[in-house]
$ cat start.cif   # mmCIF, C-alpha atoms and all ligand atoms
data_data
#
loop_
_atom_site.label_atom_id
_atom_site.label_comp_id
_atom_site.auth_asym_id
_atom_site.auth_seq_id
_atom_site.Cartn_x
_atom_site.Cartn_y
_atom_site.Cartn_z
CA MET A 1 23.90 1.32 -3.53
CA ALA A 2 20.84 0.11 -1.66
CA PHE A 3 18.41 -2.75 -1.94
CA VAL A 4 14.93 -2.05 -3.31
CA VAL A 5 11.52 -3.68 -2.85
CA THR A 6 9.91 -4.07 -6.26
CA GLU A 7 6.42 -4.44 -7.71
CA ALA A 8 6.16 -8.16 -6.84
CA CYS A 9 5.64 -7.31 -3.15
CA ILE A 10 2.41 -5.39 -3.84
CA LYS A 11 -0.64 -7.20 -2.41
CA CYS A 12 1.60 -9.91 -0.91
CA LYS A 13 3.76 -8.58 1.96
CA TYR A 14 5.18 -11.93 3.07
CA THR A 15 7.46 -9.93 5.47
CA ASP A 16 10.15 -12.64 5.81
CA CYS A 17 12.54 -9.90 4.69
CA VAL A 18 12.14 -7.69 7.77
CA GLU A 19 13.30 -10.35 10.23
CA VAL A 20 16.85 -10.47 8.88
CA CYS A 21 17.57 -6.79 8.37
CA PRO A 22 20.30 -5.84 10.85
CA VAL A 23 19.44 -2.14 10.73
CA ASP A 24 15.60 -2.37 10.65
CA CYS A 25 15.25 -0.27 7.54
CA PHE A 26 11.96 -1.69 6.22
CA TYR A 27 8.82 0.47 6.22
CA GLU A 28 5.27 -0.77 5.81
CA GLY A 29 2.37 0.53 3.79
CA PRO A 30 -1.10 -1.02 3.46
CA ASN A 31 -0.11 -3.44 0.71
CA PHE A 32 3.64 -2.95 0.09
CA LEU A 33 6.93 -2.68 1.97
CA VAL A 34 9.83 -0.38 1.12
CA ILE A 35 13.49 -0.09 2.12
CA HIS A 36 14.91 3.23 3.26
CA PRO A 37 17.84 3.84 0.89
CA ASP A 38 19.76 6.00 3.37
CA GLU A 39 19.55 3.38 6.11
CA CYS A 40 20.21 0.21 4.07
CA ILE A 41 23.81 -0.98 4.55
CA ASP A 42 23.79 -3.23 1.48
CA CYS A 43 24.33 -6.42 3.44
CA GLY A 44 22.12 -8.35 1.00
CA LEU A 45 20.58 -10.54 3.71
CA CYS A 46 16.99 -9.71 2.81
CA GLU A 47 17.18 -10.54 -0.89
CA PRO A 48 17.10 -14.37 -0.58
CA GLU A 49 14.51 -14.26 2.21
CA CYS A 50 11.67 -13.02 0.02
CA PRO A 51 9.79 -16.09 -1.27
CA ILE A 52 8.76 -14.28 -4.45
CA GLU A 53 12.07 -12.52 -5.21
CA ALA A 54 10.67 -9.05 -4.76
CA ILE A 55 13.96 -7.56 -3.50
CA SER A 56 16.90 -6.54 -5.70
CA ALA A 57 19.98 -4.40 -5.50
CA ASP A 58 19.31 -1.05 -7.13
CA ASP A 59 21.94 -1.64 -9.80
CA GLU A 60 20.45 -5.01 -10.77
CA LEU A 61 16.85 -3.95 -11.30
CA ALA A 62 14.99 -4.82 -14.50
CA ASP A 63 14.28 -1.73 -16.58
CA ASP A 64 10.59 -1.72 -15.71
CA GLN A 65 11.41 -1.75 -11.98
CA ILE A 66 13.83 1.20 -11.91
CA GLU A 67 11.06 3.59 -10.85
CA PHE A 68 10.83 1.59 -7.59
CA ILE A 69 14.09 3.22 -6.47
CA GLU A 70 12.20 6.49 -6.19
CA ILE A 71 9.04 4.84 -4.86
CA ASN A 72 11.05 3.18 -2.03
CA ALA A 73 12.82 6.43 -1.19
CA LYS A 74 9.65 8.51 -1.07
CA LEU A 75 7.42 6.06 0.76
CA ALA A 76 10.11 5.20 3.34
CA ASP A 77 9.69 8.74 4.63
CA VAL A 78 5.95 8.34 5.21
CA TYR A 79 5.36 4.69 6.04
CA PRO A 80 5.92 3.39 9.62
CA ASN A 81 8.85 1.12 10.41
CA ILE A 82 8.40 -2.67 10.53
CA SER A 83 10.95 -5.01 12.10
CA GLU A 84 8.96 -8.14 12.92
CA ALA A 85 7.39 -10.56 10.45
CA LYS A 86 3.61 -10.86 10.37
CA GLN A 87 1.03 -12.81 8.42
CA PRO A 88 1.12 -12.12 4.64
CA LEU A 89 -1.87 -10.30 3.17
CA PRO A 90 -4.85 -12.66 2.76
CA GLU A 91 -4.68 -12.30 -1.02
CA ALA A 92 -0.90 -12.93 -1.18
CA ASP A 93 -1.00 -16.35 -2.82
CA GLU A 94 -3.53 -15.16 -5.34
CA TYR A 95 -1.36 -12.19 -6.38
CA LYS A 96 2.16 -13.58 -6.04
CA ASP A 97 2.48 -14.55 -9.71
CA ILE A 98 0.76 -11.49 -11.15
CA LYS A 99 3.33 -9.27 -12.85
CA ASP A 100 1.50 -6.02 -13.45
CA LYS A 101 0.52 -4.82 -9.96
CA LYS A 102 1.71 -1.24 -9.70
CA HIS A 103 -1.78 0.15 -10.11
CA TYR A 104 -2.77 -1.64 -6.89
CA LEU A 105 -0.24 0.27 -4.80
CA ASN A 106 -2.15 1.97 -2.00
CA LEU A 107 -0.50 5.11 -0.64
CA ASP A 108 -2.46 5.27 2.61
CA THR A 109 0.05 5.77 5.41
CA SER A 110 -1.96 4.27 8.27
CA GLY A 111 -0.22 0.92 7.80
CA THR A 112 -3.33 -1.12 7.25
CA GLU A 113 -5.28 -2.12 4.19
CA VAL A 114 -8.27 0.18 3.85
CA ALA A 115 -11.45 -1.45 2.59
CA ASN A 116 -14.02 0.74 0.92
CA ASP A 117 -16.49 0.26 3.72
CA ILE A 118 -14.12 0.55 6.69
CA GLY A 119 -12.71 3.66 8.28
CA ILE A 120 -14.13 6.11 5.77
CA GLN A 121 -15.24 9.27 7.50
CA SER A 122 -16.77 10.87 4.45
CA ASN A 123 -16.33 11.03 0.71
CA GLU A 124 -14.25 14.20 0.82
CA ILE A 125 -11.27 15.26 -1.25
CA PHE A 126 -9.46 18.49 -0.35
CA LEU A 127 -6.97 20.12 -2.71
CA TYR A 128 -5.11 22.87 -0.86
CA SER A 129 -3.21 25.71 -2.46
CA ASN A 130 -0.01 24.64 -0.61
CA GLY A 131 0.09 21.47 -2.71
CA GLU A 132 -1.48 19.15 -0.18
CA LEU A 133 -4.16 16.68 -1.13
CA GLU A 134 -6.36 15.09 1.52
CA ILE A 135 -8.68 12.16 0.92
CA ASN A 136 -10.74 11.07 3.94
CA ASN A 137 -8.02 12.11 6.41
CA ILE A 138 -5.15 10.75 4.30
CA LYS A 139 -2.68 13.47 3.35
CA ILE A 140 -0.58 13.36 0.19
CA GLU A 141 1.75 15.92 -1.38
CA ILE A 142 0.49 16.39 -4.92
CA LYS A 143 3.92 17.15 -6.37
CA ASP A 144 5.47 14.08 -4.83
CA VAL A 145 2.74 11.79 -6.01
CA SER A 146 2.73 13.12 -9.54
CA ASN A 147 6.48 12.62 -9.64
CA ILE A 148 6.16 8.99 -8.66
CA ASP A 149 3.40 7.94 -10.99
CA GLU A 150 -0.07 9.18 -11.70
CA SER A 151 -1.47 5.65 -11.71
CA ILE A 152 -0.57 5.23 -8.04
CA PHE A 153 -2.44 8.39 -7.24
CA ARG A 154 -5.39 7.17 -9.26
CA ASN A 155 -5.46 3.93 -7.34
CA THR A 156 -5.44 5.80 -4.06
CA LEU A 157 -8.62 7.59 -5.08
CA ILE A 158 -10.37 4.37 -6.05
CA ASP A 159 -9.37 2.62 -2.83
CA ASN A 160 -10.52 5.33 -0.48
CA LEU A 161 -13.75 6.66 -1.90
CA VAL A 162 -17.21 5.13 -2.15
CA LYS A 163 -18.52 5.19 -5.72
CA GLU A 164 -22.19 5.07 -4.92
CA GLU A 165 -22.16 8.10 -2.66
CA VAL A 166 -21.62 11.80 -3.32
CA VAL A 167 -17.94 12.74 -3.55
CA HIS A 168 -17.12 16.32 -2.60
CA LEU A 169 -14.07 17.75 -4.32
CA ASN A 170 -13.07 20.85 -2.35
CA VAL A 171 -10.52 23.07 -4.08
CA GLN A 172 -8.63 25.96 -2.51
CA GLY A 173 -7.25 28.66 -4.78
CA LYS A 174 -6.44 28.24 -8.44
CA ALA A 175 -3.01 26.65 -8.21
CA PHE A 176 -4.26 23.12 -8.51
CA HIS A 177 -7.23 23.72 -10.73
CA GLU A 178 -5.75 21.44 -13.38
CA TRP A 179 -5.52 18.62 -10.84
CA ALA A 180 -9.09 19.22 -9.76
CA MET A 181 -10.24 18.80 -13.34
CA LYS A 182 -8.16 15.67 -13.73
CA ILE A 183 -9.60 14.15 -10.57
CA MET A 184 -13.12 15.13 -11.59
CA GLU A 185 -12.77 13.54 -15.02
CA PHE A 186 -11.15 10.46 -13.55
CA LEU A 187 -13.90 9.91 -10.99
CA GLN A 188 -16.63 10.39 -13.56
CA SER A 189 -15.00 7.98 -15.98
CA ASN A 190 -14.75 5.40 -13.17
CA ASP A 191 -18.44 5.32 -12.34
CA PHE A 192 -18.49 7.71 -9.42
CA THR A 193 -22.07 8.73 -9.92
CA ASP A 194 -22.16 12.07 -8.12
CA VAL A 195 -19.08 14.34 -7.88
CA LYS A 196 -19.57 17.87 -6.57
CA LEU A 197 -16.93 20.55 -6.93
CA ARG A 198 -16.72 23.14 -4.15
CA THR A 199 -14.43 26.13 -3.83
CA LEU A 200 -12.62 26.70 -0.55
CA GLU A 201 -11.64 30.20 0.49
CA ASP A 202 -7.93 30.99 0.47
FE1 LIG B 301 18.38 -4.44 5.44
FE2 LIG B 301 20.58 -5.54 4.44
FE3 LIG B 301 18.29 -5.73 3.09
FE4 LIG B 301 19.54 -3.37 3.28
S1 LIG B 301 20.28 -5.19 2.24
S2 LIG B 301 17.37 -3.75 3.56
S3 LIG B 301 20.42 -3.50 5.34
S4 LIG B 301 18.75 -6.65 5.09
FE1 LIG B 302 7.44 -8.06 0.27
FE2 LIG B 302 8.93 -10.19 -0.09
FE3 LIG B 302 9.30 -8.75 2.02
S1 LIG B 302 6.78 -10.00 -0.56
S2 LIG B 302 7.29 -7.99 2.44
S3 LIG B 302 9.62 -8.09 -0.05
S4 LIG B 302 9.36 -10.94 1.93
#

$ encode --input "start.cif" --output "structure tokens" --more "lines below"
Ligand code: SF4
Ligand code: F3S
Amino acid sequence: MAFVVTEACIKCKYTDCVEVCPVDCFYEGPNFLVIHPDECIDCGLCEPECPIEAISADDELADDQIEFIEINAKLADVYPNISEAKQPLPEADEYKDIKDKKHYLNLDTSGTEVANDIGIQSNEIFLYSNGELEINNIKIEIKDVSNIDESIFRNTLIDNLVKEEVVHLNVQGKAFHEWAMKIMEFLQSNDFTDVKLRTLED
């Protein structure tokens, strides 16, 4: 058994939970925290600390939160550790009572919220034949992400690309052609005005 951070934490990150964990097994993404299931010792100390009840034991999760077992496990391997409380996200109070927040989950692993006009080097997406996806210097394993949930992946695109500028979709090999088409269609249907497909050499 392990404890799991659920959807309620997204866009809040009150971080009271991290102060009490005796084994420092919380990891921090831009707008969500996760618990490493292999490090959690099931002490239960964090559960009552969260002001919005975002933490549950994995065997007590509501049905619609069971996928967060896998989300915690996967993201704990890529997010940096956090062991000291910090200020909640500025929008925390606005989002604390919103139930359906999974589509806001931002997979960026830099540990900070990425605004559309900050830190973007270029509007570039790279799809490599080894299964790696790179969006403006953020690397994601396509297989992992598709296993978690496509909507998370979709949100990552929206958060990290500028709609009004040209987006270059660079594809290597044919292995992920289907994904390239999916991304292309998705961007076009979300008002990205200019998407250019380029082929990378193997
Ligand atoms: Fe840490 Fe205990 Fe919470 Fe597990 S249950 S995350 S060990 S405080
Ligand atoms: Fe998230 Fe609650 Fe901790 S909102 S950061 S699980 S205190």

$ atom_distance --input "start.cif" --atom1 "CA of Gln172 (chain A)" --atom2 "CA of Val78 (chain A)"
24.1 Å

$ residues_near_point --input "start.cif" --point "(-12.3, 14.1, -2.8)" --cutoff "7 Å" --atoms "all atoms listed in the file" --output "MDAnalysis selection string"
chainID A and resid 123:126 135 167:170

$ closest_atom_pairs --input "start.cif" --of "chain A" --to "ligand LIG 301 (chain B)" --cutoff "12 Å" --atoms "all atoms listed in the file" --output "Markdown table"
| residue | atom | partner | partner_atom | distance |
| --- | --- | --- | --- | --- |
| A:Met1 | CA | B:LIG301 | FE4 | 9.3 |
| A:Ala2 | CA | B:LIG301 | FE4 | 6.2 |
| A:Phe3 | CA | B:LIG301 | S1 | 5.2 |
| A:Val4 | CA | B:LIG301 | S2 | 7.5 |
| A:Val5 | CA | B:LIG301 | S2 | 8.7 |
| A:Thr15 | CA | B:LIG301 | S4 | 11.8 |
| A:Asp16 | CA | B:LIG301 | S4 | 10.5 |
| A:Cys17 | CA | B:LIG301 | S4 | 7.0 |
| A:Val18 | CA | B:LIG301 | S4 | 7.2 |
| A:Glu19 | CA | B:LIG301 | S4 | 8.4 |
| A:Val20 | CA | B:LIG301 | S4 | 5.7 |
| A:Cys21 | CA | B:LIG301 | S4 | 3.5 |
| A:Pro22 | CA | B:LIG301 | FE1 | 5.9 |
| A:Val23 | CA | B:LIG301 | S3 | 5.6 |
| A:Asp24 | CA | B:LIG301 | FE1 | 6.3 |
| A:Cys25 | CA | B:LIG301 | FE1 | 5.6 |
| A:Phe26 | CA | B:LIG301 | S2 | 6.4 |
| A:Tyr27 | CA | B:LIG301 | S2 | 9.9 |
| A:Leu33 | CA | B:LIG301 | S2 | 10.6 |
| A:Val34 | CA | B:LIG301 | S2 | 8.6 |
| A:Ile35 | CA | B:LIG301 | S2 | 5.5 |
| A:His36 | CA | B:LIG301 | S2 | 7.4 |
| A:Pro37 | CA | B:LIG301 | FE4 | 7.8 |
| A:Asp38 | CA | B:LIG301 | FE4 | 9.4 |
| A:Glu39 | CA | B:LIG301 | S3 | 7.0 |
| A:Cys40 | CA | B:LIG301 | FE4 | 3.7 |
| A:Ile41 | CA | B:LIG301 | S3 | 4.3 |
| A:Asp42 | CA | B:LIG301 | S1 | 4.1 |
| A:Cys43 | CA | B:LIG301 | FE2 | 4.0 |
| A:Gly44 | CA | B:LIG301 | S1 | 3.9 |
| A:Leu45 | CA | B:LIG301 | S4 | 4.5 |
| A:Cys46 | CA | B:LIG301 | FE3 | 4.2 |
| A:Glu47 | CA | B:LIG301 | FE3 | 6.3 |
| A:Pro48 | CA | B:LIG301 | FE3 | 9.5 |
| A:Glu49 | CA | B:LIG301 | S4 | 9.2 |
| A:Cys50 | CA | B:LIG301 | FE3 | 10.3 |
| A:Ala54 | CA | B:LIG301 | FE3 | 11.4 |
| A:Ile55 | CA | B:LIG301 | FE3 | 8.1 |
| A:Ser56 | CA | B:LIG301 | S1 | 8.7 |
| A:Ala57 | CA | B:LIG301 | S1 | 7.8 |
| A:Asp58 | CA | B:LIG301 | S1 | 10.3 |
| A:Asn72 | CA | B:LIG301 | S2 | 10.9 |
| A:Ala76 | CA | B:LIG301 | S2 | 11.5 |
| A:Asn81 | CA | B:LIG301 | S2 | 12.0 |
| A:Ile82 | CA | B:LIG301 | FE1 | 11.3 |
| A:Ser83 | CA | B:LIG301 | FE1 | 10.0 |

$ atom_distance --input "start.cif" --atom1 "CA of Lys99 (chain A)" --atom2 "CA of Ala62 (chain A)"
12.6 Å

$ atom_distance --input "start.cif" --atom1 "CA of Ala92 (chain A)" --atom2 "CA of Glu7 (chain A)"
13.0 Å

$ residues_near_point --input "start.cif" --point "(-12.3, 8.0, -5.5)" --cutoff "9 Å" --atoms "all atoms listed in the file" --output "JSON, numbers by chain"
{"A": [123, 125, 135, 154, 155, 156, 157, 158, 159, 160, 161, 162, 163, 167, 183, 186, 187, 190, 192]}

$ closest_residue --input "start.cif" --among "A:Asp64, A:Glu165, A:Asp194, A:Lys96" --to "Ala8 (chain A)" --atoms "only C-alpha atoms"
A:Lys96

$ closest_residue --input "start.cif" --among "A:Asp191, A:Glu164, A:Glu134, A:Asp93" --to "ligand LIG 302 (chain B)" --atoms "only C-alpha atoms and all ligand atoms"
A:Asp93

$ closest_residue --input "start.cif" --among "A:Ile138, A:Ala73, A:Leu200, A:Ile10" --to "ligand LIG 302 (chain B)" --atoms "all atoms listed in the file"
A:Ile10

$ closest_residue --input "start.cif" --among "A:Ile71, A:Val195, A:Ala180, A:Ile98" --to "Ser129 (chain A)" --atoms "only C-alpha atoms"
A:Ala180

$ axis_aligned_box --input "start.cif" --around "region 60-69 of chain A" --padding-each-side "8 Å" --output "JSON"
{"center_x": 15.5, "center_y": -0.7, "center_z": -11.5, "size_x": 25.9, "size_y": 24.6, "size_z": 26.1}

$ closest_residue --input "start.cif" --among "A:Gly173, A:Pro88, A:Pro80, A:Pro30" --to "ligand LIG 302 (chain B)" --atoms "all atoms listed in the file"
A:Pro88

$ residues_around --input "start.cif" --residues "Glu141 (chain A)" --least-positions-apart "6" --cutoff "9 Å" --atoms "only C-alpha atoms" --output "PyMOL selection string"
chain A and resi 130-134
